[in-house]
Amino acid sequence: MSSQKFSVYLTQLAEALREEKGPELAYLLKPTSDHGKALVKDFRGNITKHSLSYYEGSLESPWDEVAIQYVLVVNLCAKKRAADAFKEECTLVSLFLRFFAVNSGWTLPALFSILRDLRDLAFDVGPGTANMEEAARIISKAFSNCVTDRQSPIQESRKWGVYYVVGLILKCYFRVKRISLSKNILRAIEANPDIPPLSQYPRSHQVTYRYYIGMLSFLNEDFAKAEQELTLAFYNCYTGAHSNQERILTYLIPLRMFRGHLPSKELLQRFPVLEDLYTPFITAIRTGDIRSYDATLDRFERRLVDLNLWLTLDRARELCIRGLFRRVWIAAEKSTRVPVSMFHAALTISAEDMASEEAECLVANMIYKGFMRGYISHEKQMVVIAKTDAFPRLADRPTPFALLQ
């Protein structure tokens, strides 16, 4: 069985390989492209590995097999058989990696393209983690091939694909909630000091990598590092990538809140989903309205749990208490002596009925954590507040994330 269009496709493939045209090679291997659909039509549906064996040897190995696999993948994608298409794409990627491992960085555009397709097909298969884990395993082989390039000149090295490939692997792990597997890939980066500095890679590679490092740090409760990485990811993110910016801010906003940096209305208005989620919390913190804060926590509980944010925002309740106590101090005309009963009354109005001892305990906790400066005279039931800097700026606290530990 022969196909005129497939013969043309093989010629185009051979030319891209001969002239080392990476972007063109990437386009030729895209399963959703128009030329792929045209190939399937030209074969009139009679597409099997056996029927395509006619073309074996038409290109230097492994490209004859890659071309055959490509037609099989396109055909299965057209028939919406995602599971079978994923299996054939796995074979295609494995064949490509044989070629990639002995060539230089000009092949990176094609590598990026087929690895993205592999990940997307794994996601299209549907529920279950097996396919996404298999995709991550194959992509990890590509990472090894990038890292181990010792022969190519640095300008043409496969090492320039390291952080893009790592981003794909981490995305797979996060998708199937196997985040612990990320440690192996990060150790491999640390073990290879000859990888160029992250700052020399394309900005998109930097942003993706920093986002996932920030997320891993957030989940491991290394909040200072999480804030640093997510801040760099946000400021380097392409302004048109609205969904990526939103994804970063979802976790950066609560981290910045602990440092006393509340997001502006202008920023939140650009992201309606985040405006809906965070505005009630921010308003409650500004006004010291503990009851409103607690009600918002209850209202968004399911959503916050899914985002791994519930515990973080539950701990941020202390920012709300600080705001309330500061208002009490202002109502007392910023006196250096404020009765415990005033704080007790404010807590009763803003939150719920509680014993005077519990209110005194909350004041002591605020002092201990550095939210306010002073001490309590238990005998006189009086809070003695510092004359200067009674309520230090949150950003000036030496350990702004201490209450998250």
# chains A, B, ... in the order shown; residues from 1 in each chain; ligands from 1
call {"tool": "residues_around", "arguments": {"residues": "Pro197 of chain A", "least_positions_apart": "3", "cutoff": "12 Å", "atoms": "only C-alpha atoms", "output": "PyMOL selection string"}}
result
chain A and resi 159-160+162-163+189-190+192-194+200-202+205-206
call {"tool": "write_last_selection", "arguments": {"atoms": "all heavy atoms", "output": "CSV table (one decimal), in the first residue's frame"}}
result
chain,number,residue,atom,x,y,z
A,159,LYS,N,21.6,20.4,27.1
A,159,LYS,CA,21.3,20.9,28.5
A,159,LYS,C,20.3,22.1,28.5
A,159,LYS,O,19.7,22.4,29.5
A,159,LYS,CB,22.7,21.4,29.2
A,159,LYS,CG,23.6,20.2,29.6
A,159,LYS,CD,24.7,20.7,30.4
A,159,LYS,CE,25.6,19.6,31.0
A,159,LYS,NZ,26.4,18.9,30.0
A,160,TRP,N,20.2,22.8,27.4
A,160,TRP,CA,19.3,23.9,27.3
A,160,TRP,C,17.8,23.4,27.4
A,160,TRP,O,16.9,24.3,27.4
A,160,TRP,CB,19.5,24.8,26.1
A,160,TRP,CG,20.8,25.4,26.2
A,160,TRP,CD1,21.9,25.2,25.4
A,160,TRP,CD2,21.2,26.5,27.1
A,160,TRP,NE1,23.0,26.0,25.7
A,160,TRP,CE2,22.6,26.8,26.8
A,160,TRP,CE3,20.6,27.2,28.1
A,160,TRP,CZ2,23.3,27.8,27.5
A,160,TRP,CZ3,21.3,28.1,28.8
A,160,TRP,CH2,22.6,28.4,28.5
A,162,VAL,N,16.9,21.2,29.9
A,162,VAL,CA,16.7,20.7,31.2
A,162,VAL,C,15.5,21.2,31.9
A,162,VAL,O,14.6,20.5,32.4
A,162,VAL,CB,18.0,20.9,32.1
A,162,VAL,CG1,17.7,20.7,33.5
A,162,VAL,CG2,19.1,20.0,31.6
A,163,TYR,N,15.4,22.6,32.0
A,163,TYR,CA,14.3,23.1,32.9
A,163,TYR,C,13.0,23.0,32.3
A,163,TYR,O,12.0,22.9,33.0
A,163,TYR,CB,14.7,24.6,33.3
A,163,TYR,CG,15.8,24.6,34.3
A,163,TYR,CD1,17.1,25.0,34.0
A,163,TYR,CD2,15.5,24.2,35.6
A,163,TYR,CE1,18.1,25.1,34.9
A,163,TYR,CE2,16.5,24.3,36.6
A,163,TYR,CZ,17.8,24.7,36.2
A,163,TYR,OH,18.8,24.7,37.2
A,189,ILE,N,19.3,17.6,39.5
A,189,ILE,CA,19.7,18.9,39.1
A,189,ILE,C,20.9,19.4,40.0
A,189,ILE,O,21.9,19.9,39.5
A,189,ILE,CB,18.6,19.9,39.1
A,189,ILE,CG1,17.5,19.6,38.0
A,189,ILE,CG2,19.0,21.3,38.9
A,189,ILE,CD1,16.3,20.4,38.0
A,190,GLU,N,20.7,19.2,41.3
A,190,GLU,CA,21.8,19.6,42.2
A,190,GLU,C,23.1,18.8,42.0
A,190,GLU,O,24.1,19.4,42.2
A,190,GLU,CB,21.3,19.4,43.6
A,190,GLU,CG,20.1,20.4,44.0
A,190,GLU,CD,19.5,20.0,45.4
A,190,GLU,OE1,20.1,19.1,46.0
A,190,GLU,OE2,18.5,20.7,45.8
A,192,ASN,N,24.3,18.0,39.3
A,192,ASN,CA,25.0,18.3,38.0
A,192,ASN,C,25.3,19.8,37.9
A,192,ASN,O,24.5,20.6,37.3
A,192,ASN,CB,24.1,17.9,36.8
A,192,ASN,CG,24.1,16.5,36.6
A,192,ASN,OD1,24.9,15.9,35.8
A,192,ASN,ND2,23.1,15.8,37.2
A,193,PRO,N,26.4,20.2,38.6
A,193,PRO,CA,26.7,21.7,38.6
A,193,PRO,C,27.1,22.3,37.3
A,193,PRO,O,27.2,23.5,37.2
A,193,PRO,CB,27.9,21.7,39.6
A,193,PRO,CG,28.5,20.3,39.5
A,193,PRO,CD,27.4,19.4,39.3
A,194,ASP,N,27.3,21.4,36.3
A,194,ASP,CA,27.7,22.0,35.0
A,194,ASP,C,26.5,22.4,34.1
A,194,ASP,O,26.6,22.9,33.0
A,194,ASP,CB,28.5,21.0,34.2
A,194,ASP,CG,27.8,19.6,34.0
A,194,ASP,OD1,26.9,19.4,34.8
A,194,ASP,OD2,28.2,18.9,33.1
A,200,GLN,N,20.0,32.0,32.7
A,200,GLN,CA,20.4,32.0,31.3
A,200,GLN,C,19.3,31.3,30.4
A,200,GLN,O,19.5,31.3,29.2
A,200,GLN,CB,21.7,31.4,31.2
A,200,GLN,CG,22.9,32.2,31.8
A,200,GLN,CD,24.2,31.6,31.5
A,200,GLN,OE1,24.4,30.7,30.7
A,200,GLN,NE2,25.2,32.0,32.3
A,201,TYR,N,18.4,30.6,31.0
A,201,TYR,CA,17.4,29.9,30.2
A,201,TYR,C,16.2,30.8,29.8
A,201,TYR,O,16.1,31.9,30.4
A,201,TYR,CB,16.8,28.8,31.1
A,201,TYR,CG,17.7,27.6,31.2
A,201,TYR,CD1,18.8,27.6,32.0
A,201,TYR,CD2,17.5,26.4,30.4
A,201,TYR,CE1,19.7,26.5,32.1
A,201,TYR,CE2,18.3,25.3,30.5
A,201,TYR,CZ,19.4,25.4,31.3
A,201,TYR,OH,20.3,24.3,31.4
A,202,PRO,N,15.4,30.5,28.8
A,202,PRO,CA,14.3,31.3,28.4
A,202,PRO,C,13.4,31.6,29.6
A,202,PRO,O,13.3,30.8,30.5
A,202,PRO,CB,13.6,30.4,27.4
A,202,PRO,CG,14.6,29.5,26.8
A,202,PRO,CD,15.6,29.3,28.0
A,205,HIS,N,10.8,29.1,30.8
A,205,HIS,CA,11.3,27.9,31.5
A,205,HIS,C,11.6,28.3,32.9
A,205,HIS,O,11.3,27.5,33.8
A,205,HIS,CB,12.7,27.4,30.9
A,205,HIS,CG,12.6,27.0,29.4
A,205,HIS,ND1,13.5,26.2,28.8
A,205,HIS,CD2,11.6,27.2,28.5
A,205,HIS,CE1,13.2,26.0,27.6
A,205,HIS,NE2,12.0,26.6,27.4
A,206,GLN,N,12.1,29.5,33.2
A,206,GLN,CA,12.4,29.9,34.5
A,206,GLN,C,11.1,30.0,35.3
A,206,GLN,O,11.0,29.6,36.5
A,206,GLN,CB,13.0,31.3,34.5
A,206,GLN,CG,14.4,31.4,33.9
A,206,GLN,CD,15.0,32.8,33.9
A,206,GLN,OE1,14.9,33.5,34.9
A,206,GLN,NE2,15.5,33.2,32.8
call {"tool": "select_by_dssp", "arguments": {"residues": "segment 47-152 of chain A", "states": "helix (DSSP H, G or I)", "output": "ChimeraX atom specification"}}
result
/A:51-55,63-78,82-100,105-124,130-147
call {"tool": "residues_around", "arguments": {"residues": "segment 303-312 of chain A", "least_positions_apart": "3", "cutoff": "10 Å", "atoms": "only C-alpha atoms", "output": "VMD selection string"}}
result
chain A and resid 218 to 219 221 250 to 251 254 to 255 258 277 297 to 300 315 to 317 403 to 405
call {"tool": "write_last_selection", "arguments": {"atoms": "C-alpha atoms", "output": "mmCIF file, in the first residue's frame"}}
result
data_model
loop_
_atom_site.group_PDB
_atom_site.id
_atom_site.type_symbol
_atom_site.label_atom_id
_atom_site.label_comp_id
_atom_site.auth_asym_id
_atom_site.auth_seq_id
_atom_site.Cartn_x
_atom_site.Cartn_y
_atom_site.Cartn_z
ATOM 1 C CA PHE A 218 4.768 25.882 50.219
ATOM 2 C CA LEU A 219 3.609 22.281 50.710
ATOM 3 C CA GLU A 221 6.062 24.608 54.898
ATOM 4 C CA THR A 250 -3.441 31.989 44.426
ATOM 5 C CA TYR A 251 -0.556 31.035 46.735
ATOM 6 C CA PRO A 254 -1.689 34.588 51.400
ATOM 7 C CA LEU A 255 2.099 34.431 51.810
ATOM 8 C CA PHE A 258 1.698 37.405 56.502
ATOM 9 C CA LEU A 277 -11.960 34.372 47.174
ATOM 10 C CA LEU A 297 -13.458 30.366 56.178
ATOM 11 C CA ASP A 298 -16.575 28.207 56.558
ATOM 12 C CA ARG A 299 -18.038 29.362 53.239
ATOM 13 C CA PHE A 300 -14.910 28.560 51.230
ATOM 14 C CA ARG A 315 -3.653 30.540 60.841
ATOM 15 C CA ALA A 316 -3.951 33.967 59.221
ATOM 16 C CA ARG A 317 -6.912 34.559 61.561
ATOM 17 C CA LEU A 403 2.865 31.570 63.132
ATOM 18 C CA LEU A 404 2.607 29.257 60.107
ATOM 19 C CA GLN A 405 5.057 26.747 61.551
#
call {"tool": "residues_around", "arguments": {"residues": "segment 239-248 of chain A", "least_positions_apart": "3", "cutoff": "7 Å", "atoms": "only C-alpha atoms", "output": "PyMOL selection string"}}
result
chain A and resi 211+230+234+251-252+271
call {"tool": "residues_around", "arguments": {"residues": "Asp120 of chain A", "least_positions_apart": "5", "cutoff": "10 Å", "atoms": "only C-alpha atoms", "output": "JSON, numbers by chain"}}
result
{"A": [82, 86, 114, 115, 125, 132, 135, 172]}
call {"tool": "closest_residue", "arguments": {"among": "A:Ala14, A:Ile47, A:Leu232, A:Leu111", "to": "Gly214 of chain A", "atoms": "only C-alpha atoms"}}
result
A:Leu232
call {"tool": "closest_residue", "arguments": {"among": "A:Ile139, A:Ile213, A:Ala351, A:Val71", "to": "Pro31 of chain A", "atoms": "only C-alpha atoms"}}
result
A:Val71
call {"tool": "closest_residue", "arguments": {"among": "A:Ala395, A:Leu170, A:Met215, A:Ala101", "to": "Leu262 of chain A", "atoms": "only C-alpha atoms"}}
result
A:Ala395
call {"tool": "residues_around", "arguments": {"residues": "segment 329-333 of chain A", "least_positions_apart": "2", "cutoff": "12 Å", "atoms": "only C-alpha atoms", "output": "ChimeraX atom specification"}}
result
/A:322-327,335-343,346,363,372-373,383-387,390-391
call {"tool": "residues_around", "arguments": {"residues": "Leu39 of chain A", "least_positions_apart": "3", "cutoff": "8 Å", "atoms": "only C-alpha atoms", "output": "ChimeraX atom specification"}}
result
/A:5-6,35-36,42-43,71
call {"tool": "write_last_selection", "arguments": {"atoms": "C-alpha atoms", "output": "PDB file, in the first residue's frame"}}
result
ATOM      1  CA  LYS A   5       1.054  12.295   0.551  1.00  0.00           C
ATOM      2  CA  PHE A   6       3.001  10.040   2.902  1.00  0.00           C
ATOM      3  CA  HIS A  35      -0.927  17.545   7.285  1.00  0.00           C
ATOM      4  CA  GLY A  36      -1.448  14.675   9.758  1.00  0.00           C
ATOM      5  CA  ASP A  42      -5.087   9.581   2.043  1.00  0.00           C
ATOM      6  CA  PHE A  43      -4.757   6.097   3.537  1.00  0.00           C
ATOM      7  CA  VAL A  71       0.510   8.025  11.313  1.00  0.00           C
TER       8      VAL A  71
END
call {"tool": "closest_residue", "arguments": {"among": "A:Asn46, A:Val165, A:Lys183, A:Gly374", "to": "Asp389 of chain A", "atoms": "only C-alpha atoms"}}
result
A:Gly374
call {"tool": "atom_distance", "arguments": {"atom1": "atom CA of Phe143 of chain A", "atom2": "atom CA of Leu17 of chain A"}}
result
21.7 Å
call {"tool": "atom_distance", "arguments": {"atom1": "atom CA of Phe96 of chain A", "atom2": "atom CA of Trp63 of chain A"}}
result
7.8 Å
